[in-house]
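Everything on this sheet refers to the single structure shown next.
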Amino acid sequence: MTRTLRMSSFTRIVDDADGRRALVNLYTNERVALDPELERALPRVLEVDLDEPRASGERLLWQLCGYELASRGILVPRDADSERVERRFLDSLRALVDAPPFFGVPRATSDELAGVPAIAFLGVRSAEGASYPGTASGPELLRRASRRLVGDRGQPRDLVDGRGHRPFDGPAVVDLGDVDLRRRDLDAWLDAVEAIVAALPATSRPVVVGGDHAMTYPVVKALYQRRGGRPFTLIQFDQHLDLQVRGELIGGRPRHHEPITHANFVSHVLALDPAMRVVQVGGAPYHSVPIANDAGWQQVRRDAVTQLSVLDIAAAGVDAIIRRLACDQDVYVTIDVDVLAAPTVRATGYPAPLGLDPALLFRLIEAAIVGNRVLGVDLMEFGVAPPQAGPATEVEADLLALLLCHVVSSLGPQLAR
Ligand SMILES: [Mn+2]
């Protein structure tokens, strides 16, 4: 058995604006620079048997090159002989994959949402921005839990709260599917999430379910650009600050940003626009910030970031915090599940030794949504690698499915605005 590749019938050689040539697949929109090395190697890549065992030297390089170009759809398996088979192969490479919808709501594409005020669920199965792999399972765990909440024979409109309000009866709530780029690097994930959110019409409010917390950045960036670069406020429910506090802080900003991860994405958000503001809710009472950076750190707190730690919330009282969160502004709400205390949520990279109580978190998130104009919401950092998942993980997922239901309930009424 041999397995070889051929050029996709959708691949073209194009000249970039800067005079360099690239291979572009018109179906997947993937692009690879066609430099002289690749041009020389390509005929050999097209001949090499991908299944040849223990290939070494140049043949191994051609194999690896073949796998990479096939993973981007530039090349396709030679046996994909009909257009239907080739399209199916290319579809399987797409970032957005089908998944059983949250709460059983209808599937939709961004094209179908044009002009429709809608809440749009988007799963992101990423762990590339985190230091442990569990978050890739978050969307699947939460999709399952959301359907348990509705019940086997139920539909989303069956859900009702104690006041008789039905969160899914009224607003259009749809599911876009999951972003899944297994084996691809963090940049590919960031680009894909940004492109998918950027393609949404301004009438829709994404509710993104991660995935690692770095993925909040491309969502925020896409929404920022969609509104013509007008700044807004990030309300962040999180045990951590996710700020880069290492390196040389000048005027409260790192001189060099380290590459984005789930632990520094807020600094990247602030770098989008100095007028962006961040309100951090439910943080730990103490964080480690190098004392040498204290002046820069105090400045970022003065200029851009407000912190309401677990202890601040206990001291000020819930009503004062609710008034503080509801300020009739344009906001994006991001929820890291590690804002909940560890006994409640353990299926996350860094369970919180001191966190918020779930009912309190529900009330604060409701205040942050109802009291502002919400551009989007996300729920990040939930999940465990499959061998560690157990009955307790399902209960934690059930709690977070209730939280997602509460997000829909709080967000629905402002869709018409
Ligand atoms: Mn976080």
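Each chain in the structure tokens gets a letter, A, B and so on, in the order shown; residues start at 1 in every chain, and ligands are counted from 1 in the order they appear.
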Checklist entry - Residues within 8 Å of ligand 1 (only C-alpha atoms and all ligand atoms), as a PyMOL selection string? => result chain A and resi 213+238-242+262-263+335-336+338+380-381
Using the selection just defined, write its residues with C-alpha atoms as a CSV table (one decimal), in the first residue's frame.
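Below is the file that was written, selection32.csv:
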chain,number,residue,atom,x,y,z
A,213,HIS,CA,-8.4,31.5,28.6
A,238,ASP,CA,-11.3,35.0,37.6
A,239,GLN,CA,-9.2,33.9,40.6
A,240,HIS,CA,-6.1,35.2,38.6
A,241,LEU,CA,-5.2,38.5,37.1
A,242,ASP,CA,-3.9,37.0,33.8
A,262,HIS,CA,-3.9,31.9,29.3
A,263,ALA,CA,-1.9,33.6,32.0
A,335,ILE,CA,-15.6,34.0,33.2
A,336,ASP,CA,-12.7,31.7,34.3
A,338,ASP,CA,-11.5,29.0,38.7
A,380,MET,CA,-13.2,29.4,30.0
A,381,GLU,CA,-10.8,26.9,31.6
Item to check | 10 Å contact set for Gly115 (chain A), only C-alpha atoms, chain neighbours under 4 positions out, as a ChimeraX atom specification | outcome: /A:111,201-204
Go ahead and save the picked residues with N, CA and C atoms, as an mmCIF file, in the first residue's frame.
data_model
loop_
_atom_site.group_PDB
_atom_site.id
_atom_site.type_symbol
_atom_site.label_atom_id
_atom_site.label_comp_id
_atom_site.auth_asym_id
_atom_site.auth_seq_id
_atom_site.Cartn_x
_atom_site.Cartn_y
_atom_site.Cartn_z
ATOM 1 N N ASP A 111 -23.538 33.335 8.252
ATOM 2 C CA ASP A 111 -24.314 33.918 7.144
ATOM 3 C C ASP A 111 -25.804 33.957 7.469
ATOM 4 N N PRO A 201 -22.332 38.761 12.299
ATOM 5 C CA PRO A 201 -22.906 40.096 12.131
ATOM 6 C C PRO A 201 -23.000 40.823 13.482
ATOM 7 N N ALA A 202 -23.039 42.154 13.441
ATOM 8 C CA ALA A 202 -23.027 42.956 14.671
ATOM 9 C C ALA A 202 -24.263 42.715 15.527
ATOM 10 N N THR A 203 -25.298 42.104 14.946
ATOM 11 C CA THR A 203 -26.520 41.850 15.715
ATOM 12 C C THR A 203 -26.395 40.637 16.635
ATOM 13 N N SER A 204 -25.329 39.842 16.478
ATOM 14 C CA SER A 204 -25.259 38.638 17.306
ATOM 15 C C SER A 204 -24.279 38.811 18.460
#
Next on the checklist: From the options A:Arg302, A:Arg255, A:Arg94, A:Lys221, which residue's atoms come nearest to Val269 (chain A), counting only C-alpha atoms?
Outcome noted: A:Lys221
What are the closest atom pairs, with distances in Å to one decimal, for all residues of region 97-127 of chain A lying within 8 Å of region 163-172 of chain A? Consider only C-alpha atoms, order rows by chain and residue number, and present the result as CSV.
residue,atom,partner,partner_atom,distance
A:Val116,CA,A:Ala172,CA,7.9
A:Pro117,CA,A:Ala172,CA,6.8
A:Ala118,CA,A:Ala172,CA,4.7
A:Ile119,CA,A:Ala172,CA,6.2
Can those selected residues be exported to a file as an mmCIF file, in the first residue's frame so that it contains C-alpha atoms?
data_model
loop_
_atom_site.group_PDB
_atom_site.id
_atom_site.type_symbol
_atom_site.label_atom_id
_atom_site.label_comp_id
_atom_site.auth_asym_id
_atom_site.auth_seq_id
_atom_site.Cartn_x
_atom_site.Cartn_y
_atom_site.Cartn_z
ATOM 1 C CA VAL A 116 -30.914 38.651 13.253
ATOM 2 C CA PRO A 117 -30.429 39.627 16.917
ATOM 3 C CA ALA A 118 -29.166 36.316 18.303
ATOM 4 C CA ILE A 119 -27.156 34.696 21.052
#
Checklist entry - Nearest to Arg227 (chain A): which of A:Val337, A:Leu5, A:Leu23, A:Ala198 is it, counting only C-alpha atoms? => result A:Ala198
Item to check | Pairwise distance for CA of Pro100 (chain A) and CA of Asp152 (chain A), rounded to one decimal in Å | outcome: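 A separation of 13.1 Å between them.
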Next on the checklist: Using DSSP secondary structure from the backbone, list all strand (DSSP E) positions within region 98-327 of chain A, as a PyMOL selection string.
Outcome noted: chain A and resi 118-124+172-179+204-209+233-237+249-250+253-254+277-283+305-309
File of the preceding selection, N, CA and C atoms, as a short mmCIF file (atom, residue, chain, number, x, y, z; two decimals), in the first residue's frame:
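Saved result, result20.cif, follows:
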data_model
loop_
_atom_site.label_atom_id
_atom_site.label_comp_id
_atom_site.auth_asym_id
_atom_site.auth_seq_id
_atom_site.Cartn_x
_atom_site.Cartn_y
_atom_site.Cartn_z
N ALA A 118 -29.25 37.71 17.85
CA ALA A 118 -29.17 36.32 18.30
C ALA A 118 -28.02 36.13 19.29
N ILE A 119 -28.24 35.19 20.20
CA ILE A 119 -27.16 34.70 21.05
C ILE A 119 -26.56 33.49 20.33
N ALA A 120 -25.24 33.51 20.11
CA ALA A 120 -24.60 32.46 19.30
C ALA A 120 -23.55 31.73 20.13
N PHE A 121 -23.84 30.48 20.50
CA PHE A 121 -22.86 29.66 21.21
C PHE A 121 -21.74 29.25 20.26
N LEU A 122 -20.51 29.28 20.77
CA LEU A 122 -19.35 28.80 20.01
C LEU A 122 -18.44 28.04 20.98
N GLY A 123 -18.19 26.76 20.72
CA GLY A 123 -17.24 26.00 21.54
C GLY A 123 -15.83 26.16 20.99
N VAL A 124 -14.85 26.17 21.87
CA VAL A 124 -13.44 26.23 21.46
C VAL A 124 -12.69 25.14 22.23
N ALA A 172 -33.52 34.65 19.86
CA ALA A 172 -32.95 33.62 19.00
C ALA A 172 -31.64 33.16 19.63
N VAL A 173 -31.57 31.88 19.96
CA VAL A 173 -30.34 31.31 20.52
C VAL A 173 -29.91 30.18 19.58
N VAL A 174 -28.68 30.26 19.06
CA VAL A 174 -28.21 29.27 18.09
C VAL A 174 -26.82 28.78 18.48
N ASP A 175 -26.38 27.76 17.77
CA ASP A 175 -25.07 27.16 18.04
C ASP A 175 -24.26 27.14 16.74
N LEU A 176 -23.04 27.67 16.81
CA LEU A 176 -22.18 27.73 15.62
C LEU A 176 -21.31 26.49 15.46
N GLY A 177 -21.19 25.67 16.53
CA GLY A 177 -20.31 24.50 16.48
C GLY A 177 -19.05 24.74 17.32
N ASP A 178 -18.10 23.85 17.17
CA ASP A 178 -16.85 23.93 17.93
C ASP A 178 -15.68 24.27 17.02
N VAL A 179 -14.77 25.09 17.51
CA VAL A 179 -13.48 25.26 16.85
C VAL A 179 -12.59 24.12 17.30
N SER A 204 -25.33 39.84 16.48
CA SER A 204 -25.26 38.64 17.31
C SER A 204 -24.28 38.81 18.46
N ARG A 205 -24.60 38.15 19.57
CA ARG A 205 -23.75 38.19 20.76
C ARG A 205 -23.14 36.80 20.96
N PRO A 206 -21.84 36.65 20.73
CA PRO A 206 -21.23 35.34 20.94
C PRO A 206 -21.19 34.96 22.42
N VAL A 207 -21.48 33.70 22.70
CA VAL A 207 -21.23 33.11 24.02
C VAL A 207 -20.23 31.98 23.77
N VAL A 208 -18.98 32.23 24.10
CA VAL A 208 -17.89 31.32 23.76
C VAL A 208 -17.60 30.41 24.95
N VAL A 209 -17.51 29.10 24.68
CA VAL A 209 -17.26 28.14 25.74
C VAL A 209 -15.93 27.43 25.45
N THR A 233 -15.09 47.84 28.08
CA THR A 233 -14.61 47.31 29.37
C THR A 233 -14.71 45.79 29.37
N LEU A 234 -13.62 45.15 29.82
CA LEU A 234 -13.60 43.71 30.02
C LEU A 234 -13.94 43.46 31.48
N ILE A 235 -15.05 42.78 31.75
CA ILE A 235 -15.36 42.37 33.13
C ILE A 235 -14.93 40.91 33.25
N GLN A 236 -13.95 40.68 34.12
CA GLN A 236 -13.28 39.38 34.19
C GLN A 236 -13.54 38.74 35.55
N PHE A 237 -14.29 37.63 35.55
CA PHE A 237 -14.47 36.84 36.77
C PHE A 237 -13.38 35.78 36.77
N LEU A 249 8.32 46.79 33.60
CA LEU A 249 7.05 47.50 33.43
C LEU A 249 7.34 49.00 33.33
N ILE A 250 6.99 49.56 32.18
CA ILE A 250 7.21 50.99 31.97
C ILE A 250 5.84 51.63 31.79
N ARG A 253 3.08 49.18 31.69
CA ARG A 253 3.00 48.21 30.59
C ARG A 253 4.33 47.49 30.44
N PRO A 254 4.29 46.20 30.14
CA PRO A 254 5.55 45.50 29.90
C PRO A 254 6.23 46.08 28.66
N ARG A 277 -10.56 49.13 29.36
CA ARG A 277 -10.58 49.05 30.82
C ARG A 277 -10.89 47.61 31.24
N VAL A 278 -10.41 47.22 32.42
CA VAL A 278 -10.64 45.86 32.92
C VAL A 278 -11.14 45.95 34.36
N VAL A 279 -12.20 45.21 34.65
CA VAL A 279 -12.68 45.07 36.03
C VAL A 279 -12.55 43.60 36.40
N GLN A 280 -11.70 43.30 37.38
CA GLN A 280 -11.43 41.91 37.75
C GLN A 280 -12.17 41.58 39.03
N VAL A 281 -13.05 40.58 38.94
CA VAL A 281 -13.97 40.28 40.04
C VAL A 281 -13.67 38.88 40.60
N GLY A 282 -13.57 38.78 41.92
CA GLY A 282 -13.43 37.48 42.56
C GLY A 282 -12.01 36.95 42.58
N GLY A 283 -11.03 37.84 42.43
CA GLY A 283 -9.65 37.41 42.45
C GLY A 283 -9.21 36.96 43.83
N VAL A 305 -6.97 48.98 35.35
CA VAL A 305 -7.50 47.75 35.95
C VAL A 305 -8.07 48.02 37.34
N THR A 306 -9.32 47.63 37.54
CA THR A 306 -9.95 47.69 38.87
C THR A 306 -10.05 46.28 39.41
N GLN A 307 -9.63 46.07 40.65
CA GLN A 307 -9.68 44.73 41.22
C GLN A 307 -10.66 44.67 42.39
N LEU A 308 -11.59 43.74 42.29
CA LEU A 308 -12.54 43.48 43.38
C LEU A 308 -12.32 42.03 43.80
N SER A 309 -11.42 41.84 44.76
CA SER A 309 -11.06 40.49 45.16
C SER A 309 -12.17 39.84 45.98
#
Item to check | Residues near Leu375 (chain A), cut-off 7 Å, only C-alpha atoms, skip fewer than 4 positions along chain, as a list in words | outcome: Arg205, Asp330, Val331 and Tyr332 of chain A
